[in-house]
file my_file.pdb (PDB, C-alpha atoms and all ligand atoms)
ATOM      1  CA  MET A   1     -66.703 -57.863-270.968
ATOM      2  CA  ARG A   2     -67.556 -54.530-272.534
ATOM      3  CA  THR A   3     -71.023 -53.039-272.539
ATOM      4  CA  VAL A   4     -71.949 -51.688-275.955
ATOM      5  CA  TYR A   5     -74.940 -49.727-277.236
ATOM      6  CA  LEU A   6     -77.164 -50.984-280.046
ATOM      7  CA  ASN A   7     -80.438 -49.320-281.094
ATOM      8  CA  GLY A   8     -81.506 -48.071-277.680
ATOM      9  CA  GLU A   9     -80.139 -50.949-275.602
ATOM     10  CA  TYR A  10     -77.027 -51.438-273.502
ATOM     11  CA  LEU A  11     -75.799 -54.996-274.076
ATOM     12  CA  PRO A  12     -72.798 -57.198-273.337
ATOM     13  CA  GLU A  13     -70.663 -57.054-276.488
ATOM     14  CA  ASP A  14     -71.297 -60.698-277.419
ATOM     15  CA  GLN A  15     -75.072 -60.130-277.442
ATOM     16  CA  ALA A  16     -75.114 -57.124-279.786
ATOM     17  CA  LYS A  17     -76.112 -58.447-283.210
ATOM     18  CA  VAL A  18     -76.701 -56.653-286.520
ATOM     19  CA  SER A  19     -78.517 -58.146-289.531
ATOM     20  CA  ILE A  20     -76.602 -59.475-292.552
ATOM     21  CA  PHE A  21     -78.974 -57.293-294.605
ATOM     22  CA  ASP A  22     -77.818 -54.127-292.882
ATOM     23  CA  ARG A  23     -76.709 -51.604-295.514
ATOM     24  CA  GLY A  24     -73.654 -50.784-293.447
ATOM     25  CA  PHE A  25     -72.525 -54.383-293.970
ATOM     26  CA  LEU A  26     -73.638 -54.765-297.612
ATOM     27  CA  MET A  27     -72.916 -51.294-299.063
ATOM     28  CA  SER A  28     -70.721 -49.423-296.569
ATOM     29  CA  ASP A  29     -73.829 -47.234-296.287
ATOM     30  CA  GLY A  30     -72.963 -45.773-292.938
ATOM     31  CA  ILE A  31     -71.097 -43.002-291.212
ATOM     32  CA  TYR A  32     -69.116 -42.809-288.002
ATOM     33  CA  GLU A  33     -67.458 -40.588-285.428
ATOM     34  CA  VAL A  34     -64.659 -41.219-282.947
ATOM     35  CA  THR A  35     -64.600 -39.110-279.792
ATOM     36  CA  SER A  36     -61.703 -39.249-277.362
ATOM     37  CA  VAL A  37     -62.084 -39.624-273.611
ATOM     38  CA  LEU A  38     -59.489 -38.105-271.289
ATOM     39  CA  GLY A  39     -59.866 -38.276-267.525
ATOM     40  CA  GLY A  40     -63.325 -39.818-268.007
ATOM     41  CA  LYS A  41     -64.585 -36.823-270.022
ATOM     42  CA  LEU A  42     -65.412 -36.338-273.696
ATOM     43  CA  ILE A  43     -63.127 -34.217-275.850
ATOM     44  CA  ASP A  44     -64.915 -31.825-278.247
ATOM     45  CA  PHE A  45     -68.242 -33.677-278.173
ATOM     46  CA  ASP A  46     -69.994 -30.694-279.797
ATOM     47  CA  GLY A  47     -67.650 -30.734-282.792
ATOM     48  CA  HIS A  48     -68.254 -34.428-283.392
ATOM     49  CA  ALA A  49     -72.037 -34.020-283.016
ATOM     50  CA  VAL A  50     -72.035 -31.224-285.609
ATOM     51  CA  ARG A  51     -69.972 -33.261-288.086
ATOM     52  CA  LEU A  52     -72.217 -36.299-287.508
ATOM     53  CA  GLN A  53     -75.208 -34.179-288.529
ATOM     54  CA  ARG A  54     -73.307 -32.930-291.583
ATOM     55  CA  SER A  55     -72.461 -36.494-292.713
ATOM     56  CA  LEU A  56     -76.076 -37.627-292.182
ATOM     57  CA  ASP A  57     -77.416 -34.655-294.160
ATOM     58  CA  ALA A  58     -74.968 -35.249-297.026
ATOM     59  CA  LEU A  59     -76.290 -38.816-297.376
ATOM     60  CA  ASP A  60     -79.970 -38.026-296.759
ATOM     61  CA  MET A  61     -79.948 -40.137-293.622
ATOM     62  CA  LYS A  62     -82.226 -39.461-290.671
ATOM     63  CA  HIS A  63     -80.700 -38.273-287.408
ATOM     64  CA  PRO A  64     -81.359 -41.162-285.029
ATOM     65  CA  SER A  65     -81.516 -39.102-281.823
ATOM     66  CA  SER A  66     -81.051 -35.635-280.392
ATOM     67  CA  LYS A  67     -77.616 -34.297-279.493
ATOM     68  CA  ASP A  68     -78.492 -34.419-275.788
ATOM     69  CA  ASP A  69     -79.584 -38.064-275.991
ATOM     70  CA  LEU A  70     -76.390 -38.915-277.864
ATOM     71  CA  LEU A  71     -74.291 -37.184-275.208
ATOM     72  CA  GLU A  72     -76.073 -39.205-272.526
ATOM     73  CA  VAL A  73     -75.328 -42.490-274.355
ATOM     74  CA  HIS A  74     -71.646 -41.514-274.654
ATOM     75  CA  ARG A  75     -71.474 -40.708-270.941
ATOM     76  CA  GLU A  76     -73.325 -43.856-269.924
ATOM     77  CA  LEU A  77     -70.874 -46.014-271.908
ATOM     78  CA  VAL A  78     -67.927 -44.239-270.271
ATOM     79  CA  ARG A  79     -69.512 -44.975-266.860
ATOM     80  CA  ARG A  80     -70.483 -48.583-267.555
ATOM     81  CA  ASN A  81     -67.062 -49.451-268.993
ATOM     82  CA  ASP A  82     -65.153 -47.374-266.473
ATOM     83  CA  ILE A  83     -63.161 -45.566-269.174
ATOM     84  CA  THR A  84     -60.566 -43.058-267.987
ATOM     85  CA  ASP A  85     -58.647 -42.625-271.255
ATOM     86  CA  GLY A  86     -59.760 -44.044-274.572
ATOM     87  CA  MET A  87     -62.324 -43.462-277.242
ATOM     88  CA  ILE A  88     -65.942 -43.913-278.141
ATOM     89  CA  TYR A  89     -66.832 -45.140-281.599
ATOM     90  CA  LEU A  90     -70.260 -44.256-282.998
ATOM     91  CA  GLN A  91     -71.681 -45.665-286.211
ATOM     92  CA  VAL A  92     -75.004 -45.000-287.899
ATOM     93  CA  THR A  93     -76.082 -46.998-290.946
ATOM     94  CA  ARG A  94     -79.124 -46.793-293.193
ATOM     95  CA  GLY A  95     -80.392 -49.953-291.500
ATOM     96  CA  ASN A  96     -81.892 -53.189-292.730
ATOM     97  CA  PRO A  97     -84.505 -52.903-295.478
ATOM     98  CA  GLY A  98     -84.827 -56.696-295.768
ATOM     99  CA  ASP A  99     -83.412 -57.097-299.269
ATOM    100  CA  ARG A 100     -80.288 -55.951-301.053
ATOM    101  CA  ASP A 101     -80.979 -53.075-303.446
ATOM    102  CA  PHE A 102     -78.825 -50.166-304.654
ATOM    103  CA  ALA A 103     -81.655 -47.658-304.224
ATOM    104  CA  TYR A 104     -82.069 -46.201-300.759
ATOM    105  CA  PRO A 105     -84.771 -48.062-298.797
ATOM    106  CA  PRO A 106     -88.108 -46.460-297.788
ATOM    107  CA  GLU A 107     -87.918 -43.458-295.449
ATOM    108  CA  ASP A 108     -89.323 -45.446-292.523
ATOM    109  CA  THR A 109     -86.413 -47.931-292.501
ATOM    110  CA  VAL A 110     -84.942 -47.731-289.020
ATOM    111  CA  PRO A 111     -81.263 -46.714-288.939
ATOM    112  CA  THR A 112     -78.800 -48.915-287.055
ATOM    113  CA  VAL A 113     -76.995 -47.084-284.262
ATOM    114  CA  VAL A 114     -73.966 -48.657-282.604
ATOM    115  CA  LEU A 115     -71.589 -47.224-280.001
ATOM    116  CA  PHE A 116     -68.711 -48.915-278.237
ATOM    117  CA  THR A 117     -65.703 -47.911-276.174
ATOM    118  CA  GLN A 118     -62.015 -48.715-276.539
ATOM    119  CA  ALA A 119     -59.884 -48.189-273.436
ATOM    120  CA  LYS A 120     -56.445 -46.682-274.090
ATOM    121  CA  PRO A 121     -54.855 -45.989-270.717
ATOM    122  CA  GLY A 122     -52.371 -43.114-270.860
ATOM    123  CA  MET A 123     -53.239 -42.301-274.472
ATOM    124  CA  ALA A 124     -52.142 -38.667-274.055
ATOM    125  CA  ASP A 125     -48.629 -39.830-273.097
ATOM    126  CA  SER A 126     -47.955 -41.758-276.294
ATOM    127  CA  PRO A 127     -44.183 -42.417-276.694
ATOM    128  CA  MET A 128     -44.540 -41.438-280.363
ATOM    129  CA  ALA A 129     -45.074 -37.810-279.321
ATOM    130  CA  LYS A 130     -41.419 -37.856-278.172
ATOM    131  CA  THR A 131     -39.910 -39.717-281.139
ATOM    132  CA  GLY A 132     -42.169 -38.534-283.955
ATOM    133  CA  MET A 133     -43.585 -40.559-286.844
ATOM    134  CA  LYS A 134     -42.131 -41.708-290.121
ATOM    135  CA  ILE A 135     -44.460 -41.468-293.048
ATOM    136  CA  ILE A 136     -44.459 -42.431-296.699
ATOM    137  CA  SER A 137     -46.436 -40.839-299.515
ATOM    138  CA  ILE A 138     -48.945 -42.828-301.552
ATOM    139  CA  GLU A 139     -51.378 -41.939-304.314
ATOM    140  CA  ASP A 140     -54.819 -40.892-303.050
ATOM    141  CA  GLN A 141     -57.171 -43.422-304.625
ATOM    142  CA  ARG A 142     -60.256 -42.768-302.503
ATOM    143  CA  TRP A 143     -63.639 -41.588-303.757
ATOM    144  CA  GLY A 144     -64.385 -37.883-304.195
ATOM    145  CA  ARG A 145     -66.494 -37.172-301.072
ATOM    146  CA  ARG A 146     -63.884 -37.534-298.349
ATOM    147  CA  ASP A 147     -65.601 -34.755-296.398
ATOM    148  CA  ILE A 148     -68.319 -37.283-295.477
ATOM    149  CA  LYS A 149     -67.096 -39.548-292.693
ATOM    150  CA  THR A 150     -68.247 -42.871-294.159
ATOM    151  CA  VAL A 151     -67.264 -46.345-292.997
ATOM    152  CA  GLN A 152     -65.828 -47.006-296.463
ATOM    153  CA  LEU A 153     -62.273 -47.304-295.115
ATOM    154  CA  LEU A 154     -60.604 -49.919-297.293
ATOM    155  CA  TYR A 155     -58.153 -47.604-299.045
ATOM    156  CA  PRO A 156     -56.983 -46.010-295.772
ATOM    157  CA  SER A 157     -56.477 -49.566-294.438
ATOM    158  CA  MET A 158     -54.434 -50.429-297.535
ATOM    159  CA  GLY A 159     -52.429 -47.241-296.999
ATOM    160  CA  LYS A 160     -51.608 -48.229-293.405
ATOM    161  CA  MET A 161     -50.448 -51.626-294.677
ATOM    162  CA  MET A 162     -48.270 -49.996-297.371
ATOM    163  CA  ALA A 163     -46.700 -47.836-294.652
ATOM    164  CA  LYS A 164     -46.108 -50.869-292.452
ATOM    165  CA  ALA A 165     -44.504 -52.794-295.328
ATOM    166  CA  ALA A 166     -42.165 -49.819-295.899
ATOM    167  CA  GLY A 167     -41.194 -49.711-292.205
ATOM    168  CA  ALA A 168     -43.089 -46.438-291.661
ATOM    169  CA  ASP A 169     -45.839 -45.451-289.232
ATOM    170  CA  ASP A 170     -48.382 -44.002-291.635
ATOM    171  CA  ALA A 171     -48.955 -42.611-295.123
ATOM    172  CA  TRP A 172     -49.874 -39.204-296.526
ATOM    173  CA  MET A 173     -51.981 -39.328-299.649
ATOM    174  CA  VAL A 174     -51.161 -37.292-302.730
ATOM    175  CA  GLU A 175     -53.530 -36.179-305.480
ATOM    176  CA  ASP A 176     -52.505 -34.089-308.507
ATOM    177  CA  GLY A 177     -49.090 -33.600-306.903
ATOM    178  CA  HIS A 178     -50.419 -32.220-303.611
ATOM    179  CA  VAL A 179     -50.935 -33.795-300.207
ATOM    180  CA  THR A 180     -54.590 -34.300-299.313
ATOM    181  CA  GLU A 181     -54.305 -35.809-295.800
ATOM    182  CA  GLY A 182     -53.064 -38.804-293.822
ATOM    183  CA  THR A 183     -54.869 -42.163-293.924
ATOM    184  CA  SER A 184     -56.715 -41.250-290.702
ATOM    185  CA  ASN A 185     -55.521 -37.732-289.894
ATOM    186  CA  ASN A 186     -54.971 -34.243-291.286
ATOM    187  CA  ALA A 187     -51.488 -33.230-292.490
ATOM    188  CA  TYR A 188     -49.485 -30.053-291.731
ATOM    189  CA  ILE A 189     -46.090 -28.522-292.339
ATOM    190  CA  VAL A 190     -44.418 -25.654-290.498
ATOM    191  CA  LYS A 191     -42.166 -22.995-292.031
ATOM    192  CA  GLY A 192     -40.885 -20.464-289.537
ATOM    193  CA  ASN A 193     -43.940 -19.111-287.724
ATOM    194  CA  THR A 194     -46.358 -20.339-290.400
ATOM    195  CA  ILE A 195     -48.456 -23.490-290.342
ATOM    196  CA  VAL A 196     -49.549 -24.818-293.729
ATOM    197  CA  THR A 197     -52.395 -27.309-294.142
ATOM    198  CA  ARG A 198     -54.662 -28.135-297.042
ATOM    199  CA  HIS A 199     -57.801 -25.992-297.357
ATOM    200  CA  LEU A 200     -61.206 -27.558-296.650
ATOM    201  CA  GLY A 201     -63.154 -29.055-299.532
ATOM    202  CA  ASN A 202     -64.546 -32.410-300.678
ATOM    203  CA  GLU A 203     -60.981 -33.780-300.919
ATOM    204  CA  ILE A 204     -60.384 -34.106-297.167
ATOM    205  CA  LEU A 205     -62.210 -34.849-293.958
ATOM    206  CA  HIS A 206     -62.899 -31.673-292.008
ATOM    207  CA  GLY A 207     -61.043 -32.742-288.875
ATOM    208  CA  ILE A 208     -62.492 -31.704-285.547
ATOM    209  CA  THR A 209     -58.964 -31.641-284.139
ATOM    210  CA  ARG A 210     -57.843 -29.592-287.156
ATOM    211  CA  ALA A 211     -60.411 -26.878-286.402
ATOM    212  CA  ALA A 212     -59.354 -26.705-282.742
ATOM    213  CA  VAL A 213     -55.606 -26.735-283.454
ATOM    214  CA  LEU A 214     -55.856 -23.986-286.089
ATOM    215  CA  ARG A 215     -57.870 -21.881-283.646
ATOM    216  CA  PHE A 216     -55.244 -22.361-280.914
ATOM    217  CA  ALA A 217     -52.424 -21.630-283.381
ATOM    218  CA  ARG A 218     -54.028 -18.314-284.403
ATOM    219  CA  GLU A 219     -54.626 -17.416-280.764
ATOM    220  CA  ALA A 220     -50.908 -18.057-280.143
ATOM    221  CA  GLN A 221     -50.070 -15.535-282.920
ATOM    222  CA  MET A 222     -48.923 -18.178-285.399
ATOM    223  CA  LYS A 223     -49.741 -17.650-289.055
ATOM    224  CA  VAL A 224     -51.980 -20.225-290.731
ATOM    225  CA  GLU A 225     -52.041 -20.831-294.493
ATOM    226  CA  GLU A 226     -54.783 -23.137-295.729
ATOM    227  CA  ARG A 227     -53.490 -24.253-299.132
ATOM    228  CA  PRO A 228     -52.180 -27.354-300.901
ATOM    229  CA  PHE A 229     -48.502 -28.343-300.476
ATOM    230  CA  THR A 230     -46.278 -30.944-302.111
ATOM    231  CA  ILE A 231     -44.196 -33.739-300.612
ATOM    232  CA  VAL A 232     -41.022 -31.910-301.714
ATOM    233  CA  GLU A 233     -42.154 -28.785-299.858
ATOM    234  CA  ALA A 234     -42.932 -30.912-296.786
ATOM    235  CA  GLN A 235     -39.514 -32.592-296.876
ATOM    236  CA  SER A 236     -37.806 -29.198-296.801
ATOM    237  CA  ALA A 237     -40.116 -27.697-294.138
ATOM    238  CA  ASP A 238     -38.929 -26.937-290.594
ATOM    239  CA  GLU A 239     -41.481 -29.317-289.105
ATOM    240  CA  ALA A 240     -44.394 -31.528-289.993
ATOM    241  CA  PHE A 241     -47.224 -33.023-287.956
ATOM    242  CA  ILE A 242     -50.650 -34.642-288.084
ATOM    243  CA  THR A 243     -53.834 -34.207-286.072
ATOM    244  CA  SER A 244     -56.736 -36.522-285.242
ATOM    245  CA  ALA A 245     -59.125 -37.093-282.351
ATOM    246  CA  SER A 246     -57.162 -40.120-281.137
ATOM    247  CA  THR A 247     -53.563 -38.929-281.731
ATOM    248  CA  PHE A 248     -54.187 -35.220-280.919
ATOM    249  CA  VAL A 249     -51.110 -33.498-282.423
ATOM    250  CA  MET A 250     -48.345 -35.903-283.477
ATOM    251  CA  PRO A 251     -44.979 -34.802-284.920
ATOM    252  CA  VAL A 252     -43.779 -36.227-288.252
ATOM    253  CA  VAL A 253     -39.986 -36.495-288.478
ATOM    254  CA  GLU A 254     -39.429 -38.362-291.739
ATOM    255  CA  ILE A 255     -41.175 -38.279-295.116
ATOM    256  CA  ASP A 256     -40.278 -40.864-297.792
ATOM    257  CA  GLY A 257     -36.921 -41.454-296.073
ATOM    258  CA  ALA A 258     -35.946 -37.767-295.827
ATOM    259  CA  ALA A 259     -35.617 -36.188-292.370
ATOM    260  CA  VAL A 260     -37.867 -33.185-291.746
ATOM    261  CA  GLY A 261     -35.948 -30.355-290.031
ATOM    262  CA  GLN A 262     -33.615 -31.892-287.477
ATOM    263  CA  GLY A 263     -35.339 -35.275-287.744
ATOM    264  CA  THR A 264     -36.794 -34.843-284.256
ATOM    265  CA  PRO A 265     -40.137 -33.421-283.052
ATOM    266  CA  GLY A 266     -40.059 -29.649-283.512
ATOM    267  CA  PRO A 267     -41.049 -26.882-281.070
ATOM    268  CA  VAL A 268     -44.225 -25.841-282.890
ATOM    269  CA  ALA A 269     -45.744 -29.333-283.005
ATOM    270  CA  THR A 270     -44.709 -29.970-279.411
ATOM    271  CA  ARG A 271     -46.209 -26.693-278.221
ATOM    272  CA  LEU A 272     -49.445 -27.173-280.181
ATOM    273  CA  ARG A 273     -49.809 -30.635-278.682
ATOM    274  CA  GLU A 274     -49.490 -29.195-275.174
ATOM    275  CA  ILE A 275     -51.954 -26.384-275.857
ATOM    276  CA  TYR A 276     -54.421 -28.743-277.524
ATOM    277  CA  LEU A 277     -54.320 -31.231-274.651
ATOM    278  CA  ASP A 278     -54.569 -28.515-271.968
ATOM    279  CA  GLU A 279     -57.424 -26.619-273.601
ATOM    280  CA  SER A 280     -59.336 -29.762-274.588
ATOM    281  CA  ARG A 281     -59.158 -31.197-271.078
ATOM    282  CA  LYS A 282     -60.445 -27.874-269.701
ATOM    283  CA  ALA A 283     -63.403 -27.867-272.097
ATOM    284  CA  ALA A 284     -64.163 -31.620-271.843
ATOM    285  CA  VAL A 285     -67.700 -32.625-270.827
TER     286      VAL A 285
HETATM  287  N1  LIG A 301     -58.762 -37.335-292.083
HETATM  288  C1  LIG A 301     -59.168 -38.607-292.118
HETATM  289  C2  LIG A 301     -59.162 -39.323-293.419
HETATM  290  C3  LIG A 301     -59.557 -39.256-290.928
HETATM  291  O1  LIG A 301     -59.978 -40.548-290.975
HETATM  292  C4  LIG A 301     -59.505 -38.558-289.705
HETATM  293  C5  LIG A 301     -59.867 -39.226-288.404
HETATM  294  N2  LIG A 301     -61.096 -39.825-288.412
HETATM  295  C6  LIG A 301     -59.069 -37.216-289.714
HETATM  296  C7  LIG A 301     -58.712 -36.644-290.924
HETATM  297  C8  LIG A 301     -59.001 -36.409-288.448
HETATM  298  O2  LIG A 301     -60.284 -36.009-288.033
HETATM  299  P1  LIG A 301     -60.586 -35.741-286.492
HETATM  300  O3  LIG A 301     -59.615 -34.698-286.044
HETATM  301  O4  LIG A 301     -61.976 -35.255-286.486
HETATM  302  O5  LIG A 301     -60.387 -37.039-285.782
END
call {"tool": "encode", "arguments": {"input": "my_file.pdb", "output": "structure tokens"}}
result
Amino acid sequence: MRTVYLNGEYLPEDQAKVSIFDRGFLMSDGIYEVTSVLGGKLIDFDGHAVRLQRSLDALDMKHPSSKDDLLEVHRELVRRNDITDGMIYLQVTRGNPGDRDFAYPPEDTVPTVVLFTQAKPGMADSPMAKTGMKIISIEDQRWGRRDIKTVQLLYPSMGKMMAKAAGADDAWMVEDGHVTEGTSNNAYIVKGNTIVTRHLGNEILHGITRAAVLRFAREAQMKVEERPFTIVEAQSADEAFITSASTFVMPVVEIDGAAVGQGTPGPVATRLREIYLDESRKAAV
């Protein structure tokens, strides 16, 4: 049985209980982070800690502990659950004020902090990296503050189900004719030596993997254009791919039934995946 973390305690998973009055449960009033573990070490912990702080600030939520304490909890869970490859999920909610009310509870309401691990042996050798993903496009019907990593994930779940029903692996969301991002990842196309991905703003999550991959791409002398693109432009690109903490860099080979490039993972996505995995393992803590 897994050991999980709840409000300062390490507990067997079946003994970790959260109140029915918790605002995470009643209002989706909570935020989260997912950090990958490779070879027993954390990938880009600093990036996730910084974004956690950003999400908390955006929602006027207190930071439950220092970055160093949080790192120690992550490491302790990796140790206790003997995780080699996998991920650590962290969630912070505004806690349990005792009654249901739309207004934020008093300042002294204690936040709920939960962390757990998910083992994913060999996650860096996913077969999909060799075959590539098929995606469909769907309308982006989420709220307007997608830069805050909230646990309000129903529309992304619906999007995954729409993809599944269409025989695809995932969906890219489209707003005002332009791709925002994938249901749980950032979206990219490649034209020649240029990588195109939507600019940062409230419309997308500021991916930690995105920041790292764009840095590595620039270091490898690739050109990066941060601007909106359409599905038609993506279908006629040389390559397409996605990034996220748990999939790293994953090639996209089909969009709404049309093959991208040769219909197989392209050299740029493949190379960026290698660089990302190499560099991230080197810097893991
Ligand atoms: N966009 C969305 C909507 C996501 O849910 C995620 C993954 N949580 C990402 C992008 C990728 O972010 P990261 O690279 O930090 O995992």
call {"tool": "closest_residue", "arguments": {"input": "my_file.pdb", "among": "A:Val114, A:Val232, A:Val174, A:Leu214", "to": "Asp140 of chain A", "atoms": "only C-alpha atoms"}}
result
A:Val174
call {"tool": "closest_residue", "arguments": {"input": "my_file.pdb", "among": "A:Gly95, A:Pro111, A:Gly261, A:Pro121", "to": "Val37 of chain A", "atoms": "all atoms listed in the file"}}
result
A:Pro121
call {"tool": "closest_atom_pairs", "arguments": {"input": "my_file.pdb", "of": "chain A", "to": "ligand LIG 301 (chain A)", "cutoff": "9 Å", "atoms": "all atoms listed in the file", "output": "Markdown table"}}
result
| residue | atom | partner | partner_atom | distance |
| --- | --- | --- | --- | --- |
| A:Tyr32 | CA | A:LIG301 | N2 | 8.6 |
| A:Glu33 | CA | A:LIG301 | N2 | 7.1 |
| A:Val34 | CA | A:LIG301 | O5 | 6.6 |
| A:Thr35 | CA | A:LIG301 | O5 | 7.6 |
| A:Ser36 | CA | A:LIG301 | O5 | 8.8 |
| A:Gly47 | CA | A:LIG301 | O4 | 8.1 |
| A:His48 | CA | A:LIG301 | O4 | 7.0 |
| A:Arg51 | CA | A:LIG301 | O4 | 8.4 |
| A:Arg146 | CA | A:LIG301 | C2 | 7.1 |
| A:Asp147 | CA | A:LIG301 | C2 | 8.4 |
| A:Lys149 | CA | A:LIG301 | N2 | 7.4 |
| A:Leu153 | CA | A:LIG301 | O1 | 8.2 |
| A:Pro156 | CA | A:LIG301 | C2 | 7.4 |
| A:Thr180 | CA | A:LIG301 | N1 | 8.9 |
| A:Glu181 | CA | A:LIG301 | N1 | 6.0 |
| A:Gly182 | CA | A:LIG301 | C2 | 6.1 |
| A:Thr183 | CA | A:LIG301 | C2 | 5.2 |
| A:Ser184 | CA | A:LIG301 | O1 | 3.3 |
| A:Asn185 | CA | A:LIG301 | C7 | 3.5 |
| A:Asn186 | CA | A:LIG301 | C7 | 4.5 |
| A:Ala187 | CA | A:LIG301 | C7 | 8.1 |
| A:Ile204 | CA | A:LIG301 | N1 | 6.2 |
| A:Leu205 | CA | A:LIG301 | N1 | 4.6 |
| A:His206 | CA | A:LIG301 | O2 | 6.4 |
| A:Gly207 | CA | A:LIG301 | O2 | 3.5 |
| A:Ile208 | CA | A:LIG301 | O4 | 3.7 |
| A:Thr209 | CA | A:LIG301 | O3 | 3.7 |
| A:Arg210 | CA | A:LIG301 | O3 | 5.5 |
| A:Ala211 | CA | A:LIG301 | O3 | 7.9 |
| A:Ala212 | CA | A:LIG301 | O3 | 8.7 |
| A:Ile242 | CA | A:LIG301 | C8 | 8.5 |
| A:Thr243 | CA | A:LIG301 | O3 | 5.8 |
| A:Ser244 | CA | A:LIG301 | O3 | 3.5 |
| A:Ala245 | CA | A:LIG301 | O5 | 3.7 |
| A:Ser246 | CA | A:LIG301 | O5 | 6.4 |
| A:Thr247 | CA | A:LIG301 | O5 | 8.2 |
| A:Phe248 | CA | A:LIG301 | O3 | 7.5 |
call {"tool": "resolve_selection", "arguments": {"input": "my_file.pdb", "expression": "the PyMOL selection byres (((chain A and resi 172) around 12) and not hetatm)", "output": "PyMOL selection string"}}
result
chain A and resi 133-141+156+159-160+162-163+168-171+173-175+177-188+204+229-231+234+240-242+252+254-256
call {"tool": "write_last_selection", "arguments": {"input": "my_file.pdb", "atoms": "C-alpha atoms", "output": "mmCIF file, in the coordinates of the input"}}
result
data_model
loop_
_atom_site.group_PDB
_atom_site.id
_atom_site.type_symbol
_atom_site.label_atom_id
_atom_site.label_comp_id
_atom_site.auth_asym_id
_atom_site.auth_seq_id
_atom_site.Cartn_x
_atom_site.Cartn_y
_atom_site.Cartn_z
ATOM 1 C CA MET A 133 -43.585 -40.559 -286.844
ATOM 2 C CA LYS A 134 -42.131 -41.708 -290.121
ATOM 3 C CA ILE A 135 -44.460 -41.468 -293.048
ATOM 4 C CA ILE A 136 -44.459 -42.431 -296.699
ATOM 5 C CA SER A 137 -46.436 -40.839 -299.515
ATOM 6 C CA ILE A 138 -48.945 -42.828 -301.552
ATOM 7 C CA GLU A 139 -51.378 -41.939 -304.314
ATOM 8 C CA ASP A 140 -54.819 -40.892 -303.050
ATOM 9 C CA GLN A 141 -57.171 -43.422 -304.625
ATOM 10 C CA PRO A 156 -56.983 -46.010 -295.772
ATOM 11 C CA GLY A 159 -52.429 -47.241 -296.999
ATOM 12 C CA LYS A 160 -51.608 -48.229 -293.405
ATOM 13 C CA MET A 162 -48.270 -49.996 -297.371
ATOM 14 C CA ALA A 163 -46.700 -47.836 -294.652
ATOM 15 C CA ALA A 168 -43.089 -46.438 -291.661
ATOM 16 C CA ASP A 169 -45.839 -45.451 -289.232
ATOM 17 C CA ASP A 170 -48.382 -44.002 -291.635
ATOM 18 C CA ALA A 171 -48.955 -42.611 -295.123
ATOM 19 C CA MET A 173 -51.981 -39.328 -299.649
ATOM 20 C CA VAL A 174 -51.161 -37.292 -302.730
ATOM 21 C CA GLU A 175 -53.530 -36.179 -305.480
ATOM 22 C CA GLY A 177 -49.090 -33.600 -306.903
ATOM 23 C CA HIS A 178 -50.419 -32.220 -303.611
ATOM 24 C CA VAL A 179 -50.935 -33.795 -300.207
ATOM 25 C CA THR A 180 -54.590 -34.300 -299.313
ATOM 26 C CA GLU A 181 -54.305 -35.809 -295.800
ATOM 27 C CA GLY A 182 -53.064 -38.804 -293.822
ATOM 28 C CA THR A 183 -54.869 -42.163 -293.924
ATOM 29 C CA SER A 184 -56.715 -41.250 -290.702
ATOM 30 C CA ASN A 185 -55.521 -37.732 -289.894
ATOM 31 C CA ASN A 186 -54.971 -34.243 -291.286
ATOM 32 C CA ALA A 187 -51.488 -33.230 -292.490
ATOM 33 C CA TYR A 188 -49.485 -30.053 -291.731
ATOM 34 C CA ILE A 204 -60.384 -34.106 -297.167
ATOM 35 C CA PHE A 229 -48.502 -28.343 -300.476
ATOM 36 C CA THR A 230 -46.278 -30.944 -302.111
ATOM 37 C CA ILE A 231 -44.196 -33.739 -300.612
ATOM 38 C CA ALA A 234 -42.932 -30.912 -296.786
ATOM 39 C CA ALA A 240 -44.394 -31.528 -289.993
ATOM 40 C CA PHE A 241 -47.224 -33.023 -287.956
ATOM 41 C CA ILE A 242 -50.650 -34.642 -288.084
ATOM 42 C CA VAL A 252 -43.779 -36.227 -288.252
ATOM 43 C CA GLU A 254 -39.429 -38.362 -291.739
ATOM 44 C CA ILE A 255 -41.175 -38.279 -295.116
ATOM 45 C CA ASP A 256 -40.278 -40.864 -297.792
#
call {"tool": "atom_distance", "arguments": {"input": "my_file.pdb", "atom1": "atom CA of Asp82 of chain A", "atom2": "atom CA of Ala283 of chain A"}}
result
20.4 Å
call {"tool": "closest_residue", "arguments": {"input": "my_file.pdb", "among": "A:Val268, A:Thr112, A:Asp176, A:Asn202", "to": "Val190 of chain A", "atoms": "only C-alpha atoms"}}
result
A:Val268
call {"tool": "atom_distance", "arguments": {"input": "my_file.pdb", "atom1": "atom CA of Ala103 of chain A", "atom2": "atom CA of Glu203 of chain A"}}
result
25.1 Å
call {"tool": "residues_around", "arguments": {"input": "my_file.pdb", "residues": "Tyr276 of chain A", "least_positions_apart": "2", "cutoff": "8 Å", "atoms": "only C-alpha atoms", "output": "PyMOL selection string"}}
result
chain A and resi 212-213+216+248-249+272-274+278-280
call {"tool": "residues_near_point", "arguments": {"input": "my_file.pdb", "point": "(-57.8, -46.0, -272.1)", "cutoff": "8 Å", "atoms": "all atoms listed in the file", "output": "number ranges by chain"}}
result
A: 37, 83-87, 118-123
call {"tool": "residues_near_point", "arguments": {"input": "my_file.pdb", "point": "(-68.8, -50.1, -297.4)", "cutoff": "8 Å", "atoms": "only C-alpha atoms", "output": "list in words"}}
result
Gly24, Phe25, Leu26, Met27, Ser28, Asp29, Gly30, Thr150, Val151, Gln152 and Leu153 of chain A
call {"tool": "resolve_selection", "arguments": {"input": "my_file.pdb", "expression": "the PyMOL selection byres (((chain A and resi 61) around 12) and not hetatm)", "output": "PyMOL selection string"}}
result
chain A and resi 29-31+52-60+62-65+92-95+104-112
call {"tool": "closest_residue", "arguments": {"input": "my_file.pdb", "among": "A:Leu200, A:Leu42, A:Ala220, A:Val253", "to": "Thr131 of chain A", "atoms": "all atoms listed in the file"}}
result
A:Val253
